[in-house]
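Visitor: This structure is in C-alpha coordinates; I'll ask about it shortly.
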Amino acid sequence: MPPNPYSVLGVSKSATEDEIKKAYRSHARQFHPDRNPGDKGAEAKFKEVQDAYEILGDKDKKVKFDQFGHQDPNNPMGGGGNPFGQGSMNMDDLAQMFGGAAGGQGFNFGDLFGAKKGRSTKARRPPPQSQMAKLEIDFLTAAKGGKLPISVGGKALEVTIPEGASEGQKLRISGQGECGQDLILDLRIEPHPFFKRQENDILLDCPLSLVEVALGASVEVPSISGSKVTVKFPPGISSGKKLRLKGLGIKGGDQIVEVKIVPPAKLDVKSRELLEEFAKHNPQDVRADLKWA
(Lines give C-alpha, C1' and ligand atoms only; values in the text may rest on other atoms or scores of the structure.)
Protein backbone atom coordinates (compact mmCIF):
# COMPACT_ATOMS: atom_id res chain seq x y z
CA MET A 1 0.00 0.00 0.00
CA PRO A 2 1.46 3.43 -0.91
CA PRO A 3 2.23 5.71 2.03
CA ASN A 4 -0.33 8.22 3.30
CA PRO A 5 0.34 11.54 1.48
CA TYR A 6 -0.58 13.55 4.58
CA SER A 7 2.09 11.69 6.57
CA VAL A 8 4.65 12.13 3.79
CA LEU A 9 4.20 15.92 3.74
CA GLY A 10 3.61 16.18 7.48
CA VAL A 11 0.30 18.04 7.25
CA SER A 12 -3.19 17.41 8.60
CA LYS A 13 -6.36 16.82 6.58
CA SER A 14 -7.48 20.36 7.46
CA ALA A 15 -4.34 21.93 5.96
CA THR A 16 -4.92 24.77 3.47
CA GLU A 17 -3.61 24.81 -0.11
CA ASP A 18 -0.83 27.21 0.91
CA GLU A 19 0.18 25.00 3.86
CA ILE A 20 0.29 21.93 1.61
CA LYS A 21 2.34 23.77 -1.03
CA LYS A 22 4.74 25.11 1.62
CA ALA A 23 5.25 21.63 3.07
CA TYR A 24 5.81 20.18 -0.40
CA ARG A 25 8.47 22.75 -1.27
CA SER A 26 10.25 22.21 2.04
CA HIS A 27 10.37 18.40 1.67
CA ALA A 28 11.23 18.57 -2.03
CA ARG A 29 14.20 20.83 -1.30
CA GLN A 30 15.35 18.53 1.51
CA PHE A 31 15.33 15.34 -0.56
CA HIS A 32 16.05 16.75 -4.05
CA PRO A 33 18.62 14.59 -5.91
CA ASP A 34 20.79 17.64 -6.62
CA ARG A 35 21.26 18.09 -2.87
CA ASN A 36 21.70 14.37 -2.18
CA PRO A 37 23.77 12.95 -5.07
CA GLY A 38 23.95 9.15 -4.98
CA ASP A 39 21.64 8.85 -1.95
CA LYS A 40 19.05 6.22 -2.91
CA GLY A 41 17.10 6.80 0.30
CA ALA A 42 16.72 10.50 -0.44
CA GLU A 43 15.78 9.67 -4.02
CA ALA A 44 12.99 7.39 -2.79
CA LYS A 45 11.80 10.04 -0.34
CA PHE A 46 11.79 12.65 -3.13
CA LYS A 47 9.56 10.36 -5.23
CA GLU A 48 7.19 9.89 -2.25
CA VAL A 49 6.99 13.68 -1.84
CA GLN A 50 6.22 14.17 -5.55
CA ASP A 51 3.53 11.42 -5.44
CA ALA A 52 2.01 12.89 -2.29
CA TYR A 53 1.77 16.38 -3.75
CA GLU A 54 0.34 14.96 -6.98
CA ILE A 55 -2.65 13.88 -4.84
CA LEU A 56 -2.95 16.69 -2.28
CA GLY A 57 -2.06 19.46 -4.75
CA ASP A 58 -5.02 18.50 -6.97
CA LYS A 59 -8.43 19.37 -5.50
CA ASP A 60 -10.29 16.51 -7.22
CA LYS A 61 -7.68 13.90 -6.34
CA LYS A 62 -7.55 15.16 -2.74
CA VAL A 63 -11.35 14.82 -2.37
CA LYS A 64 -11.24 11.26 -3.75
CA PHE A 65 -8.37 10.32 -1.45
CA ASP A 66 -10.16 11.75 1.60
CA GLN A 67 -13.20 9.59 0.74
CA PHE A 68 -11.63 6.36 -0.45
CA GLY A 69 -7.93 6.48 0.45
CA HIS A 70 -5.73 4.65 -2.05
CA GLN A 71 -8.64 2.36 -3.04
CA ASP A 72 -10.02 3.29 -6.46
CA PRO A 73 -13.86 3.14 -6.33
CA ASN A 74 -13.94 2.67 -10.12
CA ASN A 75 -11.72 -0.43 -9.98
CA PRO A 76 -13.85 -3.61 -9.64
CA MET A 77 -10.85 -5.44 -8.16
CA GLY A 78 -10.51 -3.05 -5.22
CA GLY A 79 -7.78 -0.68 -6.51
CA GLY A 80 -4.49 -1.78 -5.00
CA GLY A 81 -5.57 -4.95 -3.21
CA ASN A 82 -4.67 -8.50 -4.28
CA PRO A 83 -7.17 -9.56 -7.01
CA PHE A 84 -6.32 -13.23 -6.53
CA GLY A 85 -7.29 -13.63 -2.86
CA GLN A 86 -6.34 -12.54 0.63
CA GLY A 87 -3.12 -14.57 1.00
CA SER A 88 0.27 -13.48 -0.23
CA MET A 89 1.57 -14.69 -3.59
CA ASN A 90 5.00 -14.27 -5.11
CA MET A 91 5.77 -13.87 -8.80
CA ASP A 92 6.77 -17.54 -9.23
CA ASP A 93 3.40 -18.71 -7.88
CA LEU A 94 1.59 -16.29 -10.19
CA ALA A 95 3.59 -17.49 -13.17
CA GLN A 96 2.76 -21.15 -12.43
CA MET A 97 -0.96 -20.36 -12.43
CA PHE A 98 -0.68 -19.16 -16.03
CA GLY A 99 1.70 -21.91 -17.15
CA GLY A 100 5.32 -20.94 -17.09
CA ALA A 101 8.16 -19.82 -14.90
CA ALA A 102 8.59 -16.22 -13.89
CA GLY A 103 11.37 -14.72 -15.89
CA GLY A 104 11.51 -17.81 -18.18
CA GLN A 105 10.69 -18.19 -21.84
CA GLY A 106 7.23 -19.64 -21.34
CA PHE A 107 5.56 -16.67 -19.68
CA ASN A 108 5.56 -12.93 -20.27
CA PHE A 109 3.70 -10.58 -17.95
CA GLY A 110 3.76 -7.93 -20.65
CA ASP A 111 1.78 -10.28 -22.92
CA LEU A 112 -0.67 -11.03 -20.09
CA PHE A 113 -1.58 -7.37 -19.55
CA GLY A 114 -1.47 -6.38 -23.23
CA ALA A 115 1.80 -4.45 -23.23
CA LYS A 116 3.50 -3.96 -26.57
CA LYS A 117 6.96 -5.43 -27.02
CA GLY A 118 9.80 -3.01 -26.73
CA ARG A 119 7.78 -0.52 -24.60
CA SER A 120 7.95 -0.04 -20.87
CA THR A 121 4.71 -0.59 -18.94
CA LYS A 122 5.81 1.79 -16.20
CA ALA A 123 3.50 4.81 -15.99
CA ARG A 124 5.14 8.16 -16.57
CA ARG A 125 4.87 10.54 -13.69
CA PRO A 126 3.77 14.02 -14.78
CA PRO A 127 6.43 16.71 -14.46
CA PRO A 128 6.30 18.91 -11.34
CA GLN A 129 4.23 22.07 -11.56
CA SER A 130 5.99 25.24 -12.69
CA GLN A 131 7.04 27.77 -10.07
CA MET A 132 5.66 31.30 -10.54
CA ALA A 133 7.48 34.41 -9.34
CA LYS A 134 7.12 38.15 -9.89
CA LEU A 135 10.18 40.02 -11.14
CA GLU A 136 10.43 43.80 -10.91
CA ILE A 137 12.66 45.39 -13.54
CA ASP A 138 13.54 49.02 -14.20
CA PHE A 139 12.02 50.90 -17.12
CA LEU A 140 15.21 51.19 -19.20
CA THR A 141 16.09 47.48 -18.88
CA ALA A 142 12.61 46.60 -20.11
CA ALA A 143 12.93 49.05 -23.00
CA LYS A 144 16.45 48.15 -24.16
CA GLY A 145 16.74 44.55 -22.89
CA GLY A 146 19.73 43.13 -21.06
CA LYS A 147 21.03 40.70 -18.43
CA LEU A 148 19.58 40.80 -14.93
CA PRO A 149 20.96 38.82 -11.93
CA ILE A 150 18.33 37.23 -9.65
CA SER A 151 18.30 34.74 -6.77
CA VAL A 152 15.89 31.77 -6.54
CA GLY A 153 15.98 29.62 -3.41
CA GLY A 154 19.49 30.84 -2.63
CA LYS A 155 20.68 30.04 -6.16
CA ALA A 156 22.10 32.86 -8.28
CA LEU A 157 20.77 33.10 -11.85
CA GLU A 158 21.14 35.53 -14.74
CA VAL A 159 17.97 36.30 -16.69
CA THR A 160 17.94 37.69 -20.23
CA ILE A 161 15.31 40.42 -20.53
CA PRO A 162 14.21 40.82 -24.17
CA GLU A 163 14.17 44.27 -25.79
CA GLY A 164 10.74 45.86 -25.41
CA ALA A 165 9.62 43.63 -22.50
CA SER A 166 6.14 44.64 -21.36
CA GLU A 167 4.15 44.68 -18.11
CA GLY A 168 2.76 41.22 -17.31
CA GLN A 169 4.95 39.43 -19.87
CA LYS A 170 5.94 35.88 -18.81
CA LEU A 171 9.47 34.49 -19.12
CA ARG A 172 10.00 30.73 -18.74
CA ILE A 173 13.37 29.43 -17.50
CA SER A 174 13.63 25.67 -17.88
CA GLY A 175 14.49 23.64 -14.77
CA GLN A 176 15.50 26.61 -12.59
CA GLY A 177 12.71 26.48 -9.99
CA GLU A 178 13.48 25.78 -6.33
CA CYS A 179 12.66 22.07 -6.77
CA GLY A 180 13.96 21.62 -10.31
CA GLN A 181 10.73 22.61 -12.06
CA ASP A 182 10.44 25.34 -14.68
CA LEU A 183 10.54 28.90 -13.35
CA ILE A 184 8.02 31.35 -14.83
CA LEU A 185 8.76 35.03 -14.22
CA ASP A 186 5.88 37.52 -14.30
CA LEU A 187 7.43 40.87 -15.26
CA ARG A 188 6.54 44.04 -13.37
CA ILE A 189 8.06 47.23 -14.80
CA GLU A 190 8.95 50.11 -12.51
CA PRO A 191 7.93 53.63 -13.63
CA HIS A 192 10.60 56.05 -14.89
CA PRO A 193 11.05 59.57 -13.47
CA PHE A 194 10.38 61.28 -16.82
CA PHE A 195 9.96 58.71 -19.62
CA LYS A 196 6.61 57.06 -20.37
CA ARG A 197 5.82 54.34 -22.87
CA GLN A 198 3.09 54.05 -25.50
CA GLU A 199 3.57 50.70 -27.27
CA ASN A 200 7.03 51.16 -28.87
CA ASP A 201 7.05 54.98 -28.63
CA ILE A 202 8.74 56.85 -25.78
CA LEU A 203 6.94 59.93 -24.43
CA LEU A 204 8.73 62.89 -22.85
CA ASP A 205 7.37 66.22 -21.56
CA CYS A 206 9.62 69.23 -22.23
CA PRO A 207 8.94 72.42 -20.21
CA LEU A 208 9.50 75.74 -22.03
CA SER A 209 9.47 79.26 -20.60
CA LEU A 210 7.37 82.11 -22.02
CA VAL A 211 10.48 83.64 -23.58
CA GLU A 212 11.50 80.32 -25.20
CA VAL A 213 8.00 79.90 -26.58
CA ALA A 214 7.89 83.45 -27.93
CA LEU A 215 11.38 83.53 -29.44
CA GLY A 216 12.00 79.86 -30.14
CA ALA A 217 14.66 77.69 -28.49
CA SER A 218 17.04 74.75 -28.93
CA VAL A 219 16.89 72.30 -26.02
CA GLU A 220 18.89 69.13 -25.35
CA VAL A 221 16.54 66.32 -24.30
CA PRO A 222 17.45 62.82 -23.01
CA SER A 223 16.78 59.56 -24.87
CA ILE A 224 16.58 55.94 -23.66
CA SER A 225 19.95 55.24 -25.31
CA GLY A 226 21.61 57.51 -22.72
CA SER A 227 22.65 60.17 -25.22
CA LYS A 228 21.05 63.62 -25.53
CA VAL A 229 19.38 65.00 -28.64
CA THR A 230 19.03 68.67 -29.58
CA VAL A 231 15.43 69.63 -30.39
CA LYS A 232 14.62 72.95 -32.07
CA PHE A 233 11.33 74.54 -31.01
CA PRO A 234 10.10 77.21 -33.46
CA PRO A 235 8.93 80.65 -32.20
CA GLY A 236 5.29 80.75 -31.15
CA ILE A 237 4.96 77.01 -30.52
CA SER A 238 1.92 76.20 -28.39
CA SER A 239 1.59 74.09 -25.26
CA GLY A 240 0.70 70.48 -26.04
CA LYS A 241 2.48 70.52 -29.41
CA LYS A 242 4.27 67.20 -30.08
CA LEU A 243 7.52 66.77 -31.96
CA ARG A 244 8.47 63.30 -33.18
CA LEU A 245 12.10 62.09 -33.08
CA LYS A 246 12.29 59.20 -35.53
CA GLY A 247 13.79 55.88 -34.43
CA LEU A 248 14.62 56.90 -30.86
CA GLY A 249 11.95 54.71 -29.27
CA ILE A 250 11.81 50.94 -28.61
CA LYS A 251 12.61 48.47 -31.41
CA GLY A 252 12.44 51.15 -34.11
CA GLY A 253 9.70 53.21 -32.49
CA ASP A 254 9.90 57.00 -32.06
CA GLN A 255 10.42 59.41 -29.19
CA ILE A 256 7.65 61.99 -28.87
CA VAL A 257 8.45 65.29 -27.13
CA GLU A 258 5.46 67.30 -25.90
CA VAL A 259 5.70 71.03 -25.12
CA LYS A 260 4.67 72.17 -21.64
CA ILE A 261 4.65 75.96 -21.19
CA VAL A 262 5.68 77.06 -17.71
CA PRO A 263 4.86 80.71 -16.86
CA PRO A 264 6.96 82.55 -14.26
CA ALA A 265 5.77 81.98 -10.72
CA LYS A 266 6.21 85.66 -9.77
CA LEU A 267 6.51 88.95 -11.67
CA ASP A 268 8.12 92.09 -10.38
CA VAL A 269 6.67 95.49 -11.23
CA LYS A 270 8.99 96.12 -14.16
CA SER A 271 8.29 92.71 -15.75
CA ARG A 272 4.55 93.25 -15.43
CA GLU A 273 4.83 96.65 -17.15
CA LEU A 274 6.84 95.09 -19.99
CA LEU A 275 4.23 92.36 -20.49
CA GLU A 276 1.42 94.89 -20.51
CA GLU A 277 3.32 96.93 -23.07
CA PHE A 278 3.91 93.74 -25.09
CA ALA A 279 0.19 92.97 -25.03
CA LYS A 280 -0.64 96.43 -26.39
CA HIS A 281 1.71 95.96 -29.33
CA ASN A 282 0.62 92.34 -29.95
CA PRO A 283 -3.16 92.11 -29.46
CA GLN A 284 -4.27 88.48 -29.58
CA ASP A 285 -7.58 86.69 -28.92
CA VAL A 286 -6.50 83.08 -28.39
CA ARG A 287 -10.14 81.90 -27.82
CA ALA A 288 -11.66 83.50 -30.92
CA ASP A 289 -12.13 80.19 -32.74
CA LEU A 290 -13.59 78.30 -29.79
CA LYS A 291 -17.33 77.57 -29.90
CA TRP A 292 -17.76 78.26 -26.22
CA ALA A 293 -15.98 81.62 -26.30
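Convention: chains lettered A, B, ... in C-alpha coordinates order; per-chain residue numbering from 1; ligands numbered from 1 as shown.
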Show me, as a list in words, the residues that have an atom within 10 Å of Leu245 (chain A) when counting only C-alpha atoms, minus same-chain residues fewer than 3 positions from it.
Guide: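 Once the adjacent positions are removed, what remains is Asp201, Ile202, Ser223, Val229, Val231, Lys242, Leu248, Gly249, Gly253, Asp254, Gln255, Ile256 and Val257 of chain A.
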Visitor: Please identify all polymer residues within 10 Å of region 28-42 of chain A, counting only C-alpha atoms, omitting same-chain residues fewer than 3 positions from it, and present them as a count of residues only.
Guide: 16
Visitor: Just want the 9 Å neighbourhood of region 169-175 of chain A, counted on only C-alpha atoms, with same-chain residues fewer than 5 positions away dropped. Output as a ChimeraX atom specification.
Guide: /A:130,159,161,180-188
Visitor: Excluding Pro5 (chain A) and its own-chain neighbours fewer than 6 positions away, which residues fall within 10 Å of it when counting only C-alpha atoms? Please give them as a short mmCIF file (atom, residue, chain, number, x, y, z; two decimals) with N, CA and C atoms, in the first residue's frame.
Guide:
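Printed below is selection_37.cif as written:
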```cif
data_model
loop_
_atom_site.label_atom_id
_atom_site.label_comp_id
_atom_site.auth_asym_id
_atom_site.auth_seq_id
_atom_site.Cartn_x
_atom_site.Cartn_y
_atom_site.Cartn_z
N VAL A 11 1.40 17.09 7.07
CA VAL A 11 0.30 18.04 7.25
C VAL A 11 -0.96 17.30 7.65
N SER A 12 -1.92 18.02 8.19
CA SER A 12 -3.19 17.41 8.60
C SER A 12 -4.20 17.51 7.47
N LYS A 13 -5.32 16.79 7.60
CA LYS A 13 -6.36 16.82 6.58
C LYS A 13 -6.99 18.21 6.45
N GLU A 48 8.37 9.92 -3.12
CA GLU A 48 7.19 9.89 -2.25
C GLU A 48 6.59 11.30 -2.12
N VAL A 49 7.46 12.30 -1.98
CA VAL A 49 6.99 13.68 -1.84
C VAL A 49 6.27 14.12 -3.11
N GLN A 50 6.85 13.80 -4.28
CA GLN A 50 6.22 14.17 -5.55
C GLN A 50 4.85 13.48 -5.69
N ASP A 51 4.80 12.17 -5.33
CA ASP A 51 3.53 11.42 -5.44
C ASP A 51 2.48 11.98 -4.48
N ALA A 52 2.95 12.35 -3.28
CA ALA A 52 2.01 12.89 -2.29
C ALA A 52 1.42 14.22 -2.75
N TYR A 53 2.27 15.08 -3.31
CA TYR A 53 1.77 16.38 -3.75
C TYR A 53 0.91 16.24 -5.00
N GLU A 54 1.18 15.20 -5.80
CA GLU A 54 0.34 14.96 -6.98
C GLU A 54 -1.11 14.71 -6.56
N ILE A 55 -1.30 14.13 -5.36
CA ILE A 55 -2.65 13.88 -4.84
C ILE A 55 -3.19 15.11 -4.11
N LEU A 56 -2.44 15.61 -3.13
CA LEU A 56 -2.95 16.69 -2.28
C LEU A 56 -2.93 18.05 -2.97
N LYS A 62 -7.56 15.07 -4.21
CA LYS A 62 -7.55 15.16 -2.74
C LYS A 62 -8.92 14.73 -2.18
N PHE A 65 -9.20 11.00 -2.43
CA PHE A 65 -8.37 10.32 -1.45
C PHE A 65 -9.00 10.42 -0.05
N GLY A 69 -9.32 6.85 0.23
CA GLY A 69 -7.93 6.48 0.45
C GLY A 69 -7.29 6.09 -0.88
N HIS A 70 -6.38 5.10 -0.84
CA HIS A 70 -5.73 4.65 -2.05
C HIS A 70 -6.59 3.65 -2.84
#
```
Visitor: In Å, rounded to a single decimal, give me how far CA of Lys260 (chain A) is from CA of Ser239 (chain A).
Guide: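 Computed distance, CA of Ser239 (chain A) to CA of Lys260 (chain A), equals 5.1 Å.
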Visitor: Just give me the gap between CA of Val262 (chain A) and CA of Pro283 (chain A) in Å, one decimal is fine.
Guide: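 Atom-to-atom, CA of Val262 (chain A) and CA of Pro283 (chain A) are spaced 21.0 Å apart.
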Visitor: Using only C-alpha atoms, which of A:His281, A:Lys134, A:His27, A:Lys291 sits nearest Ser7 (chain A)?
Guide: A:His27
Visitor: Excluding Pro162 (chain A) and any residue of its chain fewer than 3 positions from it, enumerate the residues within 9 Å of it, using only C-alpha atoms, and give them as a list in words.
Guide: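 The neighbour list is Thr141, Ala142, Ala143, Lys144, Gly145, Gly146, Lys147 and Ala165 of chain A.
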